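J.: Dropping a structure here in structure tokens format, bear with me for questions.
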Amino acid sequence: NGHKDITHDQMMAAIAEKKIHYFFGRINASTNKMIGIFNQSLEEHSHNTMSITTFNIVQDDNHAFISSLETAIKNSVMHSVAATSAGTVREYAIDRSQPEHFHGVTERAGLAFRFLKPDSIEQVVNGQPLTLQRYRVSVRAAPKPFAKGSSRLAYYASETIHGKRVVIKRNLFIGKHHRQFKRYLEDAESQSVAARFLTDFQEALPPRYKGRYQMQMIVSNAVKFDSGPEDERCVALEVQLSGDFEKYSNNAAYQPAFTQIHDEVQAFSHWSYEVSKGKLLVTDLQGAAVDNIIYLTDPAIHCRDQLKFGHYTNYGVAGMLKFFKVHQCNEVCRAMGLKEAPMG
């Protein structure tokens, strides 16, 4: 019957306090928004040490259902272990209101670095270096973040030299390893590589799927300010997007929802593995759908060479195996002739 006097926020606070693992079996996509709101509240109350583990109930047989539940439990354990060893959480308070202006906010200047999109997938697979551009920026940022992901805090900001509304992202955790500029550069490189794969994927789509959605990868700039506290000198800078953000996949074992958008994004990850001849897989995709365009952000790349694309999110062959363990080939995968269970 439920308790009408208890809000979802109070319920998530109690779950976080008692450290209860929350599993949600999904029948269809109708509960996606609700679980997204619940999960955001749980992450905030647990300071990013807990999240809701979802899995699909509708399966071909009981064995598949048990396998999904086993995967969900393992994923929860992995998340808990990772959160425990992640480091000290930066102090923050979420403020979702968007500032009308940034008057009175300290302006900070620095250098921004951006990787150009590779000319071809072969350039990436063959290990050829990407072209790196740099330019000066000057940024005014809101003092409080408006959103939190699994490892980043996002702040509304203004880039004053070019007169643009932007978003800056800082690592959620503080300390020597988390403030390294190299980590922001690795993320920017991964996004540039993912952008090339996404462009080629859309060109490779069968005619009946072309134009159904236009997908664009947001490529961030790695910024190092000239001065400021050590844990705040490095940030990622991106264009500001509108629309509701949704998680399409992560870099471990994740069960996708049942929508056309998820099908296309999941097929993209599968395709990236095959077109690279098993050398890498683009995953951990989230973003916002605005009209007919899906803007994707913050991808992770699993690569057989784990020294590439950020070893904090590149799980190598193990990450690829986890993806295909839960990936269910959909109509887009089949239309593209992608091999089911390509890793055995």
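Letters A, B, ... mark the chains of the structure tokens in the order given; residue numbers begin at 1 per chain; ligand numbers begin at 1, in order shown.
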Do a neighbour search on region 127-130 of chain A at 8 Å with only C-alpha atoms, toss out local chain neighbours closer than 6 positions, and write the hits as a VMD selection string.
T.: chain A and resid 115 to 118 189
J.: What lies within 7 Å of region 13-24 of chain A using only C-alpha atoms, ignoring chain neighbours under 3 positions off, as an mmCIF file with C-alpha atoms, in the first residue's frame?
T.:
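Written output follows (part.cif):
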data_model
loop_
_atom_site.group_PDB
_atom_site.id
_atom_site.type_symbol
_atom_site.label_atom_id
_atom_site.label_comp_id
_atom_site.auth_asym_id
_atom_site.auth_seq_id
_atom_site.Cartn_x
_atom_site.Cartn_y
_atom_site.Cartn_z
ATOM 1 C CA ASP A 9 13.930 11.336 -0.860
ATOM 2 C CA GLN A 10 13.273 10.270 2.740
ATOM 3 C CA LEU A 42 20.305 7.545 -3.278
ATOM 4 C CA HIS A 45 22.447 10.650 0.329
ATOM 5 C CA SER A 46 25.204 8.019 0.219
ATOM 6 C CA ILE A 52 20.346 1.208 -7.532
ATOM 7 C CA THR A 53 21.185 -1.955 -9.474
ATOM 8 C CA THR A 54 18.717 -2.632 -12.279
ATOM 9 C CA PHE A 55 18.133 -5.737 -14.377
#
J.: Between A:Val275, A:Glu246, A:Asp119, A:Asp298, single out the one closest to Thr313 (chain A), counting only C-alpha atoms.
T.: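 Once distances to Thr313 (chain A) are computed over only C-alpha atoms, the minimum belongs to A:Asp298.
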